[in-house]
Amino acid sequence: MQNTDDKIIQKAILVGVGTSKNIYDIDKSMDELKELANAAGAEVLYSIVQNKEKIEATYYIGKGKVEEVKMFADNLEANTVIFNNELSGSQIRNLEDALDLKVIDRTALILDIFATRAKTRDAKLQVELAQLRYRLPRLVGINSSMSRLGAGIGTRGPGEQKLELDRRKIKEKITDIKNELKEIKKQRETQRSKRVKNRIPIVALVGYTNAGKSTIMNRVLQKYMGDNEDKQVFEKDMLFATLDTYHRKVELPDNKSFILIDTIGFVSELPHSLVEAFKATLEEIREADYLIHVVDSSDAHLDMQVKVTRDVLDEFGIKDIPYTVCYNKIDLVEDEDFLNRSTGLYISALEESDIEKLVEDIRGNIFNDYIKCKFLIPYDQGQIVNNLMKNFTILNTEHTGEGTLIEVEVDEENYNRYNKYIVE
Ligand SMILES: Nc1nc2c(ncn2[C@@H]2O[C@H](COP(=O)(O)OP(=O)(O)OP(=O)(O)O)[C@@H](O)[C@H]2O)c(=O)[nH]1
Ligand SMILES: [Mg+2]
């Protein structure tokens with residue numbers, strides 16, 4: 001996607017404002033902004049930070065700082081300025097007038113990356129909704145931006161769609177998308193209630209973007225489900241490789257099975273419009289019985305990653321699901337003390353024995369309410385035997401005069417369901 005869909009190479013200057021109220025360290029945040037800019041195909045030439053307690057209404061930064069930005073931009077021949085903060089429509093316009101450059105903010109940048117990465121209908125709709133919601137209050141600024149420098153970051157829509165710039169049409173489109181998403185939500189709920197009925201435990205991989213969630217998912221599938229290309233999910237060294245939720249069933253050799261979910265990665269200061277739009281996707285995490293919080297151990301900003309992930313989960317009210325922190329990519333860590341930093345799992349997704357270790361951890365946490373018992377199932381109830389054989393660990397079977405005697409480890413629900421056949 002590197003500049004194939006827009007003719008201009010974006011040469012960018014980054015601008016950030018640090019205040020004592022910043023939740024995340026401004027330097028870390030600026031490093032990340034650079035990665036985001038690269039992910040959107042821009043080349044970053046320089047980065048400017050202003051420490052300032054009060055935000056200026058006109059330009060967000062102070063007037064003097066605007067001149068400094070202009071000077072650097074002229075000298076380095078930049079054509080774009082990317083702000084680390086969210087700007088209003090009039091701030092965008094004022095800055096563009098003063099700088100005579102294209103101005104975009106962190107939110108537009110993230111939305112742009114999402115727009116070029118969204119693959120499924122669902123993800124595309126959610127991104128478009130977020131983009132339209134972002135645009136609506138900023139039409140003045142964005143319109144001038146379009147006429148000034150044409151295409152590029154901040155103007156790309158999901159797929160081939162052209163983004164609307166007309167207020168009335170945007171409103172209509174928002175309503176249409178919301179309706180379509182409602183339909184999708186209904187379908188999801190049906191699928192979910194089916195899963196709940198089957199009662200297979202659900203394990204969700206959550207965490208910061210690029211932590212290795214999809215890689216772990218693929219390695220688990222390869223190990224336990226064989227090489228089935230169709231089931232593999234997309235993994236790549238880039239921000240926001242996954243924009244959707246993927247469910248896969250994992251069957252362990254002893255017949256116990258669980259559903260593994262791969263989810264969208266998080267990033268600090270995720271735009272609110274985006275969080276809103278992706279609620280349906282994140283909703284799926286809520287049904288999990290166990291969370292694997294995946295962290296990239298080799299990332300210098302690892303503590304921030306952990307905090308951001310916790311914050312986003314908190315925002316969704318996901319607090320009660322048991323979880324473990326999984327420090328992934330330890331093959332890239334040289335510091336031996338790292339392994340003692342806190343409790344959690346330390347793995348490399350590339351190491352088969354570590355994948356087994358992770359699955360053992362999952363096993364210990366999701367099947368612990370299984371009950372070992374003996375059922376005597378009459379021969380005319382063959383479907384019960386089939387269900388037990390298919391879904392649970394069979395310890396022993398015997399054919400008696402009255403039916404199949406079956407010793408098995410079952411979950412509580414099936415224990416209660418077939419209660420009348422229990423003999424021991
Ligand atoms: N060296 C090393 N690389 C890893 C490991 N796990 C994942 N990677 C690499 O890290 C990159 C990101 O992996 P993904 O699995 O796509 O990350 P993700 O968490 O799914 O990212 P998003 O979908 O963006 O949220 C890929 O290039 C992987 O090959 C690991 O244990 N060691
Ligand atoms: Mg992924």
# chains A, B, ... in the order shown; residues from 1 in each chain; ligands from 1

call {"tool": "closest_atom_pairs", "arguments": {"of": "chain A", "to": "ligand 2", "cutoff": "10 Å", "atoms": "only C-alpha atoms and all ligand atoms", "output": "tab-separated table"}}
result
residue	atom	partner	partner_atom_place_in_ligand_line	distance
A:Leu205	CA	ligand 2	1 (Mg)	9.4
A:Val206	CA	ligand 2	1 (Mg)	9.4
A:Gly207	CA	ligand 2	1 (Mg)	9.5
A:Tyr208	CA	ligand 2	1 (Mg)	9.4
A:Thr209	CA	ligand 2	1 (Mg)	7.0
A:Asn210	CA	ligand 2	1 (Mg)	6.7
A:Ala211	CA	ligand 2	1 (Mg)	8.0
A:Gly212	CA	ligand 2	1 (Mg)	6.7
A:Lys213	CA	ligand 2	1 (Mg)	5.4
A:Ser214	CA	ligand 2	1 (Mg)	4.2
A:Thr215	CA	ligand 2	1 (Mg)	7.2
A:Ile216	CA	ligand 2	1 (Mg)	9.3
A:Met217	CA	ligand 2	1 (Mg)	8.9
A:Val233	CA	ligand 2	1 (Mg)	7.7
A:Phe234	CA	ligand 2	1 (Mg)	6.4
A:Glu235	CA	ligand 2	1 (Mg)	5.4
A:Lys236	CA	ligand 2	1 (Mg)	7.4
A:Asp237	CA	ligand 2	1 (Mg)	9.3
A:Met238	CA	ligand 2	1 (Mg)	9.1
A:Leu239	CA	ligand 2	1 (Mg)	8.8
A:Phe240	CA	ligand 2	1 (Mg)	6.8
A:Ala241	CA	ligand 2	1 (Mg)	5.0
A:Thr242	CA	ligand 2	1 (Mg)	4.0
A:Leu243	CA	ligand 2	1 (Mg)	7.5
A:Asp244	CA	ligand 2	1 (Mg)	8.6
A:Thr245	CA	ligand 2	1 (Mg)	9.2
A:Tyr246	CA	ligand 2	1 (Mg)	9.6
A:Asp262	CA	ligand 2	1 (Mg)	6.8
A:Thr263	CA	ligand 2	1 (Mg)	6.7
A:Ile264	CA	ligand 2	1 (Mg)	6.3
A:Gly265	CA	ligand 2	1 (Mg)	6.5

call {"tool": "select_by_dssp", "arguments": {"residues": "range 209-388 of chain A", "states": "helix (DSSP H, G or I)", "output": "MDAnalysis selection string"}}
result
chainID A and resid 213:225 229:231 272:277 279:287 302:315 330:332 336:340 352:366 379:388

call {"tool": "select_by_dssp", "arguments": {"residues": "range 43-279 of chain A", "states": "strand (DSSP E or B)", "output": "mmCIF file with all heavy atoms, in the first residue's frame"}}
result
data_model
loop_
_atom_site.group_PDB
_atom_site.id
_atom_site.type_symbol
_atom_site.label_atom_id
_atom_site.label_comp_id
_atom_site.auth_asym_id
_atom_site.auth_seq_id
_atom_site.Cartn_x
_atom_site.Cartn_y
_atom_site.Cartn_z
ATOM 1 N N GLU A 43 7.017 9.549 4.824
ATOM 2 C CA GLU A 43 8.418 9.579 5.228
ATOM 3 C C GLU A 43 8.538 10.702 6.267
ATOM 4 O O GLU A 43 8.132 11.838 6.008
ATOM 5 C CB GLU A 43 9.255 9.904 3.991
ATOM 6 C CG GLU A 43 10.735 9.888 4.215
ATOM 7 C CD GLU A 43 11.482 10.422 2.985
ATOM 8 O OE1 GLU A 43 10.920 10.340 1.859
ATOM 9 O OE2 GLU A 43 12.585 10.924 3.153
ATOM 10 N N VAL A 44 9.073 10.380 7.435
ATOM 11 C CA VAL A 44 9.143 11.391 8.486
ATOM 12 C C VAL A 44 10.507 12.084 8.457
ATOM 13 O O VAL A 44 11.550 11.438 8.538
ATOM 14 C CB VAL A 44 8.890 10.768 9.871
ATOM 15 C CG1 VAL A 44 9.105 11.787 10.975
ATOM 16 C CG2 VAL A 44 7.468 10.205 9.939
ATOM 17 N N LEU A 45 10.489 13.412 8.328
ATOM 18 C CA LEU A 45 11.744 14.161 8.207
ATOM 19 C C LEU A 45 12.206 14.748 9.528
ATOM 20 O O LEU A 45 13.392 14.889 9.780
ATOM 21 C CB LEU A 45 11.547 15.306 7.197
ATOM 22 C CG LEU A 45 11.052 14.902 5.809
ATOM 23 C CD1 LEU A 45 10.786 16.132 4.969
ATOM 24 C CD2 LEU A 45 12.071 13.997 5.129
ATOM 25 N N TYR A 46 11.248 15.084 10.384
ATOM 26 C CA TYR A 46 11.622 15.780 11.605
ATOM 27 C C TYR A 46 10.472 15.728 12.604
ATOM 28 O O TYR A 46 9.320 15.555 12.220
ATOM 29 C CB TYR A 46 11.938 17.252 11.270
ATOM 30 C CG TYR A 46 12.708 17.979 12.347
ATOM 31 C CD1 TYR A 46 14.012 17.631 12.651
ATOM 32 C CD2 TYR A 46 12.113 19.024 13.061
ATOM 33 C CE1 TYR A 46 14.716 18.289 13.647
ATOM 34 C CE2 TYR A 46 12.812 19.699 14.053
ATOM 35 C CZ TYR A 46 14.119 19.315 14.338
ATOM 36 O OH TYR A 46 14.808 19.973 15.318
ATOM 37 N N SER A 47 10.817 15.896 13.870
ATOM 38 C CA SER A 47 9.789 15.811 14.902
ATOM 39 C C SER A 47 9.954 16.984 15.876
ATOM 40 O O SER A 47 11.055 17.256 16.350
ATOM 41 C CB SER A 47 10.003 14.473 15.615
ATOM 42 O OG SER A 47 8.983 14.222 16.515
ATOM 43 N N ILE A 48 8.881 17.702 16.120
ATOM 44 C CA ILE A 48 8.946 18.884 16.998
ATOM 45 C C ILE A 48 7.973 18.710 18.158
ATOM 46 O O ILE A 48 6.807 18.376 17.960
ATOM 47 C CB ILE A 48 8.539 20.163 16.222
ATOM 48 C CG1 ILE A 48 9.518 20.416 15.065
ATOM 49 C CG2 ILE A 48 8.474 21.374 17.160
ATOM 50 C CD1 ILE A 48 9.136 21.595 14.185
ATOM 51 N N VAL A 49 8.475 18.934 19.379
ATOM 52 C CA VAL A 49 7.588 18.842 20.549
ATOM 53 C C VAL A 49 7.549 20.185 21.264
ATOM 54 O O VAL A 49 8.581 20.831 21.448
ATOM 55 C CB VAL A 49 8.079 17.751 21.534
ATOM 56 C CG1 VAL A 49 7.314 17.829 22.845
ATOM 57 C CG2 VAL A 49 7.913 16.368 20.922
ATOM 58 N N GLN A 50 6.367 20.630 21.615
ATOM 59 C CA GLN A 50 6.248 21.843 22.417
ATOM 60 C C GLN A 50 5.679 21.443 23.776
ATOM 61 O O GLN A 50 4.638 20.793 23.856
ATOM 62 C CB GLN A 50 5.305 22.854 21.753
ATOM 63 C CG GLN A 50 5.139 24.110 22.604
ATOM 64 C CD GLN A 50 4.454 25.252 21.857
ATOM 65 O OE1 GLN A 50 3.498 25.051 21.131
ATOM 66 N NE2 GLN A 50 4.974 26.462 22.062
ATOM 67 N N ASN A 51 6.382 21.836 24.832
ATOM 68 C CA ASN A 51 5.831 21.600 26.163
ATOM 69 C C ASN A 51 5.018 22.811 26.558
ATOM 70 O O ASN A 51 5.524 23.930 26.590
ATOM 71 C CB ASN A 51 6.939 21.336 27.177
ATOM 72 C CG ASN A 51 7.505 19.934 26.976
ATOM 73 O OD1 ASN A 51 6.758 18.962 26.877
ATOM 74 N ND2 ASN A 51 8.823 19.851 26.864
ATOM 75 N N GLU A 56 -3.622 26.322 22.504
ATOM 76 C CA GLU A 56 -4.097 27.542 21.833
ATOM 77 C C GLU A 56 -5.264 27.205 20.915
ATOM 78 O O GLU A 56 -5.175 26.272 20.132
ATOM 79 C CB GLU A 56 -2.966 28.138 20.973
ATOM 80 C CG GLU A 56 -1.693 28.447 21.738
ATOM 81 C CD GLU A 56 -1.787 29.742 22.546
ATOM 82 O OE1 GLU A 56 -2.615 30.602 22.181
ATOM 83 O OE2 GLU A 56 -1.048 29.855 23.540
ATOM 84 N N TYR A 60 -3.651 25.317 17.964
ATOM 85 C CA TYR A 60 -3.326 24.249 18.904
ATOM 86 C C TYR A 60 -1.981 24.528 19.559
ATOM 87 O O TYR A 60 -1.870 24.586 20.777
ATOM 88 C CB TYR A 60 -3.311 22.868 18.237
ATOM 89 C CG TYR A 60 -3.459 21.755 19.249
ATOM 90 C CD1 TYR A 60 -4.705 21.237 19.573
ATOM 91 C CD2 TYR A 60 -2.342 21.241 19.934
ATOM 92 C CE1 TYR A 60 -4.857 20.255 20.539
ATOM 93 C CE2 TYR A 60 -2.485 20.254 20.892
ATOM 94 C CZ TYR A 60 -3.750 19.760 21.188
ATOM 95 O OH TYR A 60 -3.878 18.791 22.145
ATOM 96 N N THR A 80 3.773 17.820 4.351
ATOM 97 C CA THR A 80 2.695 17.439 5.267
ATOM 98 C C THR A 80 3.136 17.646 6.712
ATOM 99 O O THR A 80 4.302 17.427 7.041
ATOM 100 C CB THR A 80 2.369 15.931 5.100
ATOM 101 O OG1 THR A 80 2.139 15.666 3.717
ATOM 102 C CG2 THR A 80 1.158 15.530 5.903
ATOM 103 N N VAL A 81 2.196 18.080 7.552
ATOM 104 C CA VAL A 81 2.478 18.165 8.983
ATOM 105 C C VAL A 81 1.497 17.254 9.698
ATOM 106 O O VAL A 81 0.293 17.309 9.458
ATOM 107 C CB VAL A 81 2.335 19.612 9.498
ATOM 108 C CG1 VAL A 81 2.597 19.672 10.995
ATOM 109 C CG2 VAL A 81 3.303 20.524 8.765
ATOM 110 N N ILE A 82 2.031 16.366 10.534
ATOM 111 C CA ILE A 82 1.155 15.444 11.254
ATOM 112 C C ILE A 82 1.173 15.769 12.741
ATOM 113 O O ILE A 82 2.226 15.747 13.380
ATOM 114 C CB ILE A 82 1.591 13.973 11.039
ATOM 115 C CG1 ILE A 82 1.633 13.654 9.529
ATOM 116 C CG2 ILE A 82 0.649 13.025 11.759
ATOM 117 C CD1 ILE A 82 2.135 12.249 9.197
ATOM 118 N N PHE A 83 0.012 16.100 13.285
ATOM 119 C CA PHE A 83 -0.099 16.421 14.709
ATOM 120 C C PHE A 83 -0.375 15.170 15.530
ATOM 121 O O PHE A 83 -1.137 14.305 15.117
ATOM 122 C CB PHE A 83 -1.226 17.446 14.928
ATOM 123 C CG PHE A 83 -0.749 18.859 14.811
ATOM 124 C CD1 PHE A 83 -0.372 19.374 13.578
ATOM 125 C CD2 PHE A 83 -0.661 19.671 15.942
ATOM 126 C CE1 PHE A 83 0.082 20.677 13.465
ATOM 127 C CE2 PHE A 83 -0.199 20.975 15.832
ATOM 128 C CZ PHE A 83 0.176 21.486 14.609
ATOM 129 N N LYS A 102 -0.237 20.561 3.888
ATOM 130 C CA LYS A 102 -1.335 19.699 4.303
ATOM 131 C C LYS A 102 -1.156 19.352 5.784
ATOM 132 O O LYS A 102 -0.057 19.020 6.227
ATOM 133 C CB LYS A 102 -1.309 18.426 3.468
ATOM 134 C CG LYS A 102 -2.448 17.501 3.778
ATOM 135 C CD LYS A 102 -2.375 16.305 2.852
ATOM 136 C CE LYS A 102 -3.404 15.296 3.288
ATOM 137 N NZ LYS A 102 -4.452 15.111 2.301
ATOM 138 N N VAL A 103 -2.258 19.440 6.543
ATOM 139 C CA VAL A 103 -2.191 19.159 7.977
ATOM 140 C C VAL A 103 -3.144 18.018 8.325
ATOM 141 O O VAL A 103 -4.316 18.037 7.949
ATOM 142 C CB VAL A 103 -2.573 20.418 8.792
ATOM 143 C CG1 VAL A 103 -2.677 20.087 10.282
ATOM 144 C CG2 VAL A 103 -1.544 21.523 8.567
ATOM 145 N N ILE A 104 -2.627 16.997 8.999
ATOM 146 C CA ILE A 104 -3.505 15.928 9.479
ATOM 147 C C ILE A 104 -3.197 15.640 10.937
ATOM 148 O O ILE A 104 -2.120 15.987 11.434
ATOM 149 C CB ILE A 104 -3.348 14.615 8.673
ATOM 150 C CG1 ILE A 104 -1.897 14.321 8.403
ATOM 151 C CG2 ILE A 104 -4.158 14.617 7.417
ATOM 152 C CD1 ILE A 104 -1.693 13.173 7.455
ATOM 153 N N ASP A 105 -4.138 15.047 11.628
ATOM 154 C CA ASP A 105 -3.887 14.743 13.041
ATOM 155 C C ASP A 105 -3.791 13.224 13.256
ATOM 156 O O ASP A 105 -3.993 12.432 12.331
ATOM 157 C CB ASP A 105 -4.934 15.398 13.955
ATOM 158 C CG ASP A 105 -6.345 14.886 13.725
ATOM 159 O OD1 ASP A 105 -6.497 13.870 13.021
ATOM 160 O OD2 ASP A 105 -7.287 15.507 14.241
ATOM 161 N N ILE A 202 -14.044 -20.393 25.730
ATOM 162 C CA ILE A 202 -13.498 -19.450 24.763
ATOM 163 C C ILE A 202 -12.290 -18.726 25.343
ATOM 164 O O ILE A 202 -12.326 -18.241 26.473
ATOM 165 C CB ILE A 202 -14.583 -18.435 24.353
ATOM 166 C CG1 ILE A 202 -15.719 -19.185 23.639
ATOM 167 C CG2 ILE A 202 -14.008 -17.345 23.468
ATOM 168 C CD1 ILE A 202 -16.932 -18.345 23.383
ATOM 169 N N VAL A 203 -11.230 -18.684 24.566
ATOM 170 C CA VAL A 203 -9.998 -18.028 24.989
ATOM 171 C C VAL A 203 -9.685 -16.924 23.982
ATOM 172 O O VAL A 203 -9.654 -17.174 22.779
ATOM 173 C CB VAL A 203 -8.828 -19.036 25.011
ATOM 174 C CG1 VAL A 203 -7.527 -18.355 25.419
ATOM 175 C CG2 VAL A 203 -9.142 -20.197 25.940
ATOM 176 N N ALA A 204 -9.488 -15.688 24.453
ATOM 177 C CA ALA A 204 -9.219 -14.586 23.522
ATOM 178 C C ALA A 204 -7.787 -14.085 23.663
ATOM 179 O O ALA A 204 -7.281 -13.917 24.771
ATOM 180 C CB ALA A 204 -10.202 -13.441 23.759
ATOM 181 N N LEU A 205 -7.142 -13.880 22.520
ATOM 182 C CA LEU A 205 -5.815 -13.262 22.497
ATOM 183 C C LEU A 205 -6.041 -11.759 22.377
ATOM 184 O O LEU A 205 -6.671 -11.304 21.424
ATOM 185 C CB LEU A 205 -5.024 -13.762 21.289
ATOM 186 C CG LEU A 205 -4.674 -15.249 21.280
ATOM 187 C CD1 LEU A 205 -4.382 -15.727 19.867
ATOM 188 C CD2 LEU A 205 -3.471 -15.498 22.191
ATOM 189 N N VAL A 206 -5.561 -10.992 23.341
ATOM 190 C CA VAL A 206 -5.733 -9.538 23.276
ATOM 191 C C VAL A 206 -4.369 -8.875 23.456
ATOM 192 O O VAL A 206 -3.426 -9.497 23.925
ATOM 193 C CB VAL A 206 -6.705 -9.021 24.369
ATOM 194 C CG1 VAL A 206 -8.098 -9.593 24.185
ATOM 195 C CG2 VAL A 206 -6.191 -9.334 25.778
ATOM 196 N N GLY A 207 -4.285 -7.602 23.094
ATOM 197 C CA GLY A 207 -3.031 -6.902 23.327
ATOM 198 C C GLY A 207 -2.723 -5.853 22.290
ATOM 199 O O GLY A 207 -3.496 -5.620 21.362
ATOM 200 N N TYR A 208 -1.571 -5.253 22.479
ATOM 201 C CA TYR A 208 -1.129 -4.157 21.625
ATOM 202 C C TYR A 208 -0.895 -4.631 20.196
ATOM 203 O O TYR A 208 -0.596 -5.812 19.959
ATOM 204 C CB TYR A 208 0.182 -3.625 22.196
ATOM 205 C CG TYR A 208 0.319 -2.135 22.080
ATOM 206 C CD1 TYR A 208 -0.458 -1.289 22.869
ATOM 207 C CD2 TYR A 208 1.233 -1.569 21.188
ATOM 208 C CE1 TYR A 208 -0.339 0.081 22.763
ATOM 209 C CE2 TYR A 208 1.358 -0.203 21.086
ATOM 210 C CZ TYR A 208 0.574 0.617 21.874
ATOM 211 O OH TYR A 208 0.703 1.962 21.764
ATOM 212 N N TYR A 246 -11.296 -13.234 14.752
ATOM 213 C CA TYR A 246 -11.318 -14.539 14.095
ATOM 214 C C TYR A 246 -11.463 -15.632 15.140
ATOM 215 O O TYR A 246 -10.728 -15.653 16.121
ATOM 216 C CB TYR A 246 -10.025 -14.756 13.295
ATOM 217 C CG TYR A 246 -9.893 -13.782 12.149
ATOM 218 C CD1 TYR A 246 -9.266 -12.563 12.331
ATOM 219 C CD2 TYR A 246 -10.438 -14.082 10.906
ATOM 220 C CE1 TYR A 246 -9.171 -11.637 11.292
ATOM 221 C CE2 TYR A 246 -10.345 -13.177 9.867
ATOM 222 C CZ TYR A 246 -9.710 -11.960 10.054
ATOM 223 O OH TYR A 246 -9.625 -11.062 9.032
ATOM 224 N N HIS A 247 -12.420 -16.527 14.914
ATOM 225 C CA HIS A 247 -12.641 -17.646 15.834
ATOM 226 C C HIS A 247 -12.133 -18.929 15.212
ATOM 227 O O HIS A 247 -12.432 -19.199 14.064
ATOM 228 C CB HIS A 247 -14.135 -17.860 16.071
ATOM 229 C CG HIS A 247 -14.794 -16.694 16.702
ATOM 230 N ND1 HIS A 247 -15.154 -15.581 16.000
ATOM 231 C CD2 HIS A 247 -15.149 -16.470 17.979
ATOM 232 C CE1 HIS A 247 -15.707 -14.712 16.820
ATOM 233 N NE2 HIS A 247 -15.717 -15.216 18.024
ATOM 234 N N ARG A 248 -11.402 -19.699 15.973
ATOM 235 C CA ARG A 248 -10.976 -21.004 15.474
ATOM 236 C C ARG A 248 -11.092 -22.022 16.599
ATOM 237 O O ARG A 248 -10.769 -21.726 17.753
ATOM 238 C CB ARG A 248 -9.505 -20.954 15.025
ATOM 239 C CG ARG A 248 -9.222 -19.983 13.894
ATOM 240 C CD ARG A 248 -9.739 -20.496 12.547
ATOM 241 N NE ARG A 248 -9.359 -19.609 11.456
ATOM 242 C CZ ARG A 248 -10.105 -18.607 10.981
ATOM 243 N NH1 ARG A 248 -11.296 -18.366 11.509
ATOM 244 N NH2 ARG A 248 -9.686 -17.859 9.988
ATOM 245 N N LYS A 249 -11.536 -23.203 16.223
ATOM 246 C CA LYS A 249 -11.648 -24.251 17.229
ATOM 247 C C LYS A 249 -10.323 -24.993 17.345
ATOM 248 O O LYS A 249 -9.706 -25.315 16.337
ATOM 249 C CB LYS A 249 -12.760 -25.220 16.835
ATOM 250 C CG LYS A 249 -13.101 -26.193 17.927
ATOM 251 C CD LYS A 249 -14.332 -27.006 17.561
ATOM 252 C CE LYS A 249 -14.569 -28.083 18.600
ATOM 253 N NZ LYS A 249 -15.623 -28.996 18.200
ATOM 254 N N VAL A 250 -9.902 -25.226 18.571
ATOM 255 C CA VAL A 250 -8.672 -25.979 18.805
ATOM 256 C C VAL A 250 -9.039 -27.260 19.551
ATOM 257 O O VAL A 250 -9.656 -27.194 20.619
ATOM 258 C CB VAL A 250 -7.671 -25.158 19.662
ATOM 259 C CG1 VAL A 250 -6.392 -25.951 19.895
ATOM 260 C CG2 VAL A 250 -7.365 -23.823 19.009
ATOM 261 N N GLU A 251 -8.695 -28.399 18.966
ATOM 262 C CA GLU A 251 -8.976 -29.669 19.636
ATOM 263 C C GLU A 251 -7.675 -30.259 20.151
ATOM 264 O O GLU A 251 -6.744 -30.464 19.374
ATOM 265 C CB GLU A 251 -9.638 -30.647 18.651
ATOM 266 C CG GLU A 251 -11.085 -30.280 18.380
ATOM 267 C CD GLU A 251 -11.689 -31.063 17.210
ATOM 268 O OE1 GLU A 251 -10.976 -31.887 16.599
ATOM 269 O OE2 GLU A 251 -12.863 -30.819 16.921
ATOM 270 N N SER A 257 -11.656 -29.407 23.898
ATOM 271 C CA SER A 257 -11.477 -28.384 22.878
ATOM 272 C C SER A 257 -11.887 -27.016 23.389
ATOM 273 O O SER A 257 -12.609 -26.892 24.386
ATOM 274 C CB SER A 257 -12.257 -28.749 21.621
ATOM 275 O OG SER A 257 -13.581 -29.017 21.945
ATOM 276 N N PHE A 258 -11.367 -26.001 22.747
ATOM 277 C CA PHE A 258 -11.753 -24.633 23.089
ATOM 278 C C PHE A 258 -11.737 -23.791 21.829
ATOM 279 O O PHE A 258 -11.200 -24.209 20.796
ATOM 280 C CB PHE A 258 -10.831 -24.050 24.168
ATOM 281 C CG PHE A 258 -9.379 -23.950 23.794
ATOM 282 C CD1 PHE A 258 -8.863 -22.789 23.229
ATOM 283 C CD2 PHE A 258 -8.511 -25.022 24.019
ATOM 284 C CE1 PHE A 258 -7.519 -22.698 22.895
ATOM 285 C CE2 PHE A 258 -7.159 -24.931 23.687
ATOM 286 C CZ PHE A 258 -6.668 -23.765 23.117
ATOM 287 N N ILE A 259 -12.372 -22.614 21.906
ATOM 288 C CA ILE A 259 -12.356 -21.702 20.775
ATOM 289 C C ILE A 259 -11.290 -20.644 21.073
ATOM 290 O O ILE A 259 -11.272 -20.066 22.163
ATOM 291 C CB ILE A 259 -13.714 -20.968 20.631
ATOM 292 C CG1 ILE A 259 -14.869 -21.959 20.527
ATOM 293 C CG2 ILE A 259 -13.673 -19.973 19.478
ATOM 294 C CD1 ILE A 259 -15.136 -22.500 19.165
ATOM 295 N N LEU A 260 -10.423 -20.416 20.115
ATOM 296 C CA LEU A 260 -9.405 -19.383 20.271
ATOM 297 C C LEU A 260 -9.820 -18.185 19.413
ATOM 298 O O LEU A 260 -10.207 -18.347 18.259
ATOM 299 C CB LEU A 260 -8.047 -19.939 19.824
ATOM 300 C CG LEU A 260 -6.807 -19.098 20.141
ATOM 301 C CD1 LEU A 260 -6.664 -18.857 21.651
ATOM 302 C CD2 LEU A 260 -5.545 -19.774 19.614
ATOM 303 N N ILE A 261 -9.770 -16.994 20.003
ATOM 304 C CA ILE A 261 -10.157 -15.797 19.243
ATOM 305 C C ILE A 261 -8.955 -14.875 19.079
ATOM 306 O O ILE A 261 -8.266 -14.551 20.034
ATOM 307 C CB ILE A 261 -11.241 -14.967 19.988
ATOM 308 C CG1 ILE A 261 -12.372 -15.828 20.520
ATOM 309 C CG2 ILE A 261 -11.817 -13.898 19.090
ATOM 310 C CD1 ILE A 261 -13.521 -14.989 21.074
ATOM 311 N N ASP A 262 -8.727 -14.454 17.848
ATOM 312 C CA ASP A 262 -7.692 -13.456 17.562
ATOM 313 C C ASP A 262 -8.413 -12.114 17.413
ATOM 314 O O ASP A 262 -9.476 -12.046 16.808
ATOM 315 C CB ASP A 262 -6.986 -13.822 16.252
ATOM 316 C CG ASP A 262 -5.824 -12.880 15.937
ATOM 317 O OD1 ASP A 262 -5.312 -12.232 16.874
ATOM 318 O OD2 ASP A 262 -5.436 -12.793 14.755
ATOM 319 N N PHE A 266 -4.413 -3.028 19.904
ATOM 320 C CA PHE A 266 -4.674 -1.686 20.425
ATOM 321 C C PHE A 266 -3.471 -0.770 20.203
ATOM 322 O O PHE A 266 -2.364 -1.228 19.921
ATOM 323 C CB PHE A 266 -4.978 -1.744 21.919
ATOM 324 C CG PHE A 266 -6.138 -2.633 22.260
ATOM 325 C CD1 PHE A 266 -6.225 -3.227 23.506
ATOM 326 C CD2 PHE A 266 -7.142 -2.884 21.337
ATOM 327 C CE1 PHE A 266 -7.295 -4.053 23.841
ATOM 328 C CE2 PHE A 266 -8.220 -3.707 21.655
ATOM 329 C CZ PHE A 266 -8.289 -4.292 22.914
#

call {"tool": "closest_residue", "arguments": {"among": "A:Asn368, A:Thr324, A:Gln381, A:Ser297", "to": "ligand 1", "atoms": "only C-alpha atoms and all ligand atoms"}}
result
A:Ser297

call {"tool": "closest_residue", "arguments": {"among": "A:Ile61, A:Leu376, A:Cys326, A:Ala39", "to": "Ile355 in chain A", "atoms": "only C-alpha atoms"}}
result
A:Cys326

call {"tool": "atom_distance", "arguments": {"atom1": "CA of Lys119 in chain A", "atom2": "CA of Pro158 in chain A"}}
result
8.4 Å

call {"tool": "closest_residue", "arguments": {"among": "A:Asp361, A:Asp411, A:Asp331, A:Asp380", "to": "ligand 1", "atoms": "only C-alpha atoms and all ligand atoms"}}
result
A:Asp331

call {"tool": "closest_residue", "arguments": {"among": "A:Ile292, A:Gln383, A:Glu336, A:Asn414", "to": "ligand 1", "atoms": "only C-alpha atoms and all ligand atoms"}}
result
A:Ile292

call {"tool": "closest_residue", "arguments": {"among": "A:Leu291, A:Leu14, A:Leu252, A:Met389", "to": "Glu32 in chain A", "atoms": "only C-alpha atoms"}}
result
A:Leu14

call {"tool": "residues_around", "arguments": {"residues": "Lys52 in chain A", "least_positions_apart": "4", "cutoff": "7 Å", "atoms": "only C-alpha atoms", "output": "CSV table (one decimal) with all heavy atoms, in the first residue's frame"}}
result
chain,number,residue,atom,x,y,z
A,17,VAL,N,2.4,18.0,21.4
A,17,VAL,CA,2.4,19.0,22.5
A,17,VAL,C,2.4,18.1,23.8
A,17,VAL,O,1.6,17.2,24.0
A,17,VAL,CB,1.1,19.9,22.5
A,17,VAL,CG1,1.0,20.7,23.8
A,17,VAL,CG2,1.1,20.7,21.3
A,18,GLY,N,3.3,18.4,24.7
A,18,GLY,CA,3.4,17.7,25.9
A,18,GLY,C,2.9,18.6,27.1
A,18,GLY,O,3.3,19.7,27.2
A,19,THR,N,2.0,18.0,27.8
A,19,THR,CA,1.5,18.7,29.0
A,19,THR,C,1.7,17.8,30.2
A,19,THR,O,1.9,16.6,30.0
A,19,THR,CB,0.0,19.1,28.9
A,19,THR,OG1,-0.8,17.9,29.1
A,19,THR,CG2,-0.4,19.7,27.6
